[in-house]
Protein chains: 2
Amino acid sequence: MKVCDHEAEHELATQKAKANMPADEDVARVAAAFKSISEPCRLKILFALRQGELCVLHIVEAVGGTQSAVSHQLRLLKANGIVKSRREGQNILYSLDDEHVLAVLELACAHLHCHF
Amino acid sequence: MKVCDHEAEHELATQKAKANMPADEDVARVAAAFKSISEPCRLKILFALRQGELCVLHIVEAVGGTQSAVSHQLRLLKANGIVKSRREGQNILYSLDDEHVLAVLELACAHLHCHF
DNA sequence: TTAATATATGAACAGTTATTCATATATTGA
DNA sequence: TCAATATATGAATAACTGTTCATATATTAA
């Protein structure tokens, strides 16, 4: 069954692409991670957390929106391993989960020729 | 107006977070870029293109789904600067836009402790 | 224990998005 | 020019997701 007119040349690349395709379940994990940082509201939270730990109301102050909305978004970010949190008295302090998060942010900005 | 009980300590971080927050328009661009690589179908396309240039029907073969769905997704990826394309005869050959794309993919996998 | 502060969460609605279907455009060979 | 192959796209529907509102939980101070 012919697929296109350059079968011979690209057959190998197609075979390799199929062979190296991660399992659906792994693709879903990566997709979920990216999805969690793909909404403006959540992305703003990450930009805010570049400064270090912040409690929820300070995040609300920095990114705008309601306490409830920010809290929902923080839960999603945490569930996807993008941020982590610890309690300190009445406050929950959030921070970026690890250095990968900041690195991905910076790569994306470089790709888009941004500088912040 | 008191926000929480550690005002003094974190006041500075909050101020810096607000001062360094990119403009809404820039946040939206970054968000759009991440959103375009946050769906399993589109992510599979990127994984396939790690092997190099592939025509549409070969991509369809590698990632599954219909020709139409893949074509719609490719358009989105291209509009967001994630992939590029060139015509060769009857075929359109797609490839990753630049090295940042692969780097982001690899960082994400590292973050999730994947190895592919 | 009671009041105040900080954070989290369930349900519902509104807006967004992926897929499908039918069809259109573009290139090539006969 | 006609047929075949490869790719793209508009419209419609179905599924998903973010926000809001009301309320719940947790910590601290009095």
# chains A, B, ... in the order shown; residues from 1 in each chain; ligands from 1
>>> residues_around(residues="C:DG15", least_positions_apart="4", cutoff="10 Å", atoms="only C-alpha atoms (C1' of nucleotides)", output="list of chain:residue names")
D:DT17, D:DG18, D:DT19
>>> interface_residues(of="chain A", to="chain B", cutoff="8 Å", atoms="only C-alpha atoms", output="VMD selection string")
chain A and resid 3 to 5 10 13 to 18 20 to 22 24 26 to 28 30 to 35 37 to 40 43 to 44 47 to 52 54 57 to 59 61 to 63 90 to 91 100 to 101 103 to 104 107 to 112 114 116
>>> interface_residues(of="chain C", to="chain A", cutoff="10 Å", atoms="only C-alpha atoms (C1' of nucleotides)", output="ChimeraX atom specification")
/C:5-9
>>> write_last_selection(atoms="N, CA and C atoms (P, O5', C5', C4', C3', O3' and C1' of nucleotides)", output="PDB file, in the first residue's frame")
ATOM      1  P    DT C   5      -9.534  39.196  60.278  1.00  0.00           P
ATOM      2  O5'  DT C   5      -8.502  38.148  59.659  1.00  0.00           O
ATOM      3  C5'  DT C   5      -7.312  37.827  60.374  1.00  0.00           C
ATOM      4  C4'  DT C   5      -6.663  36.630  59.734  1.00  0.00           C
ATOM      5  C3'  DT C   5      -6.550  36.710  58.209  1.00  0.00           C
ATOM      6  O3'  DT C   5      -5.194  36.499  57.838  1.00  0.00           O
ATOM      7  C1'  DT C   5      -7.473  34.633  58.882  1.00  0.00           C
ATOM      8  P    DA C   6      -4.685  36.629  56.331  1.00  0.00           P
ATOM      9  O5'  DA C   6      -4.654  35.112  55.875  1.00  0.00           O
ATOM     10  C5'  DA C   6      -3.808  34.187  56.539  1.00  0.00           C
ATOM     11  C4'  DA C   6      -3.937  32.825  55.888  1.00  0.00           C
ATOM     12  C3'  DA C   6      -3.934  32.854  54.358  1.00  0.00           C
ATOM     13  O3'  DA C   6      -2.937  31.965  53.892  1.00  0.00           O
ATOM     14  C1'  DA C   6      -5.783  31.615  55.163  1.00  0.00           C
ATOM     15  P    DT C   7      -2.636  31.784  52.335  1.00  0.00           P
ATOM     16  O5'  DT C   7      -3.527  30.508  52.015  1.00  0.00           O
ATOM     17  C5'  DT C   7      -3.297  29.312  52.758  1.00  0.00           C
ATOM     18  C4'  DT C   7      -4.347  28.279  52.411  1.00  0.00           C
ATOM     19  C3'  DT C   7      -4.481  27.947  50.928  1.00  0.00           C
ATOM     20  O3'  DT C   7      -4.061  26.605  50.754  1.00  0.00           O
ATOM     21  C1'  DT C   7      -6.601  28.123  51.987  1.00  0.00           C
ATOM     22  P    DA C   8      -4.196  25.851  49.370  1.00  0.00           P
ATOM     23  O5'  DA C   8      -5.606  25.119  49.477  1.00  0.00           O
ATOM     24  C5'  DA C   8      -5.873  24.311  50.602  1.00  0.00           C
ATOM     25  C4'  DA C   8      -7.235  23.636  50.451  1.00  0.00           C
ATOM     26  C3'  DA C   8      -7.479  22.984  49.087  1.00  0.00           C
ATOM     27  O3'  DA C   8      -8.030  21.706  49.329  1.00  0.00           O
ATOM     28  C1'  DA C   8      -9.240  24.482  49.580  1.00  0.00           C
ATOM     29  P    DT C   9      -8.149  20.629  48.177  1.00  0.00           P
ATOM     30  O5'  DT C   9      -9.699  20.641  47.824  1.00  0.00           O
ATOM     31  C5'  DT C   9     -10.634  20.627  48.884  1.00  0.00           C
ATOM     32  C4'  DT C   9     -12.040  20.803  48.346  1.00  0.00           C
ATOM     33  C3'  DT C   9     -12.271  20.294  46.911  1.00  0.00           C
ATOM     34  O3'  DT C   9     -13.508  19.618  46.886  1.00  0.00           O
ATOM     35  C1'  DT C   9     -13.056  22.457  47.096  1.00  0.00           C
TER      36       DT C   9
END
>>> interface_residues(of="chain D", to="chain B", cutoff="8 Å", atoms="only C-alpha atoms (C1' of nucleotides)", output="list in words")
DT5, DA6, DT7 and DA8 of chain D
>>> write_last_selection(atoms="N, CA and C atoms (P, O5', C5', C4', C3', O3' and C1' of nucleotides)", output="compact mmCIF listing (two decimals), in the first residue's frame")
# COMPACT_ATOMS: atom_id res chain seq x y z
P DT D 5 -3.96 6.87 -6.79
O5' DT D 5 -3.06 7.94 -6.03
C5' DT D 5 -1.80 8.30 -6.58
C4' DT D 5 -1.29 9.54 -5.87
C3' DT D 5 -1.41 9.47 -4.34
O3' DT D 5 -0.13 9.72 -3.78
C1' DT D 5 -2.26 11.51 -5.18
P DA D 6 0.12 9.64 -2.18
O5' DA D 6 0.04 11.17 -1.76
C5' DA D 6 0.96 12.10 -2.33
C4' DA D 6 0.70 13.46 -1.72
C3' DA D 6 0.48 13.45 -0.21
O3' DA D 6 1.38 14.39 0.38
C1' DA D 6 -1.26 14.63 -1.29
P DT D 7 1.42 14.58 2.00
O5' DT D 7 0.46 15.84 2.18
C5' DT D 7 0.75 17.04 1.45
C4' DT D 7 -0.37 18.03 1.61
C3' DT D 7 -0.74 18.40 3.04
O3' DT D 7 -0.40 19.75 3.24
C1' DT D 7 -2.66 18.13 1.67
P DA D 8 -0.74 20.50 4.63
O5' DA D 8 -2.13 21.20 4.29
C5' DA D 8 -2.23 21.99 3.12
C4' DA D 8 -3.61 22.64 3.05
C3' DA D 8 -4.09 23.30 4.34
O3' DA D 8 -4.65 24.55 3.99
C1' DA D 8 -5.71 21.74 3.59
>>> closest_residue(among="B:Val83, B:Leu102, B:Leu74, B:Ala69", to="C:DC21", atoms="only C-alpha atoms (C1' of nucleotides)")
B:Ala69
>>> atom_distance(atom1="atom CA of A:Arg87", atom2="atom C1' of D:DA29")
18.1 Å
>>> select_by_dssp(residues="stretch 12-104 of chain A", states="strand (DSSP E)", output="list in words")
Leu54, Cys55, Val83, Lys84, Ser85, Arg86, Arg87, Glu88, Asn91, Ile92, Leu93, Tyr94, Ser95 and Leu96 of chain A
>>> atom_distance(atom1="atom C1' of C:DA12", atom2="atom CA of A:Tyr94")
28.7 Å
>>> select_by_dssp(residues="chain A", states="alpha helix (DSSP H)", output="number ranges by chain")
A: 7-19, 24-36, 40-49, 56-63, 67-79, 99-111
>>> atom_distance(atom1="atom C1' of C:DT17", atom2="atom CA of B:Gly65")
16.8 Å
>>> closest_residue(among="D:DA22, D:DC16, D:DA4, D:DA30", to="C:DA4", atoms="only C-alpha atoms (C1' of nucleotides)")
D:DA30
>>> closest_residue(among="D:DT20, D:DT9, D:DT28, D:DA14", to="C:DA22", atoms="only C-alpha atoms (C1' of nucleotides)")
D:DT9
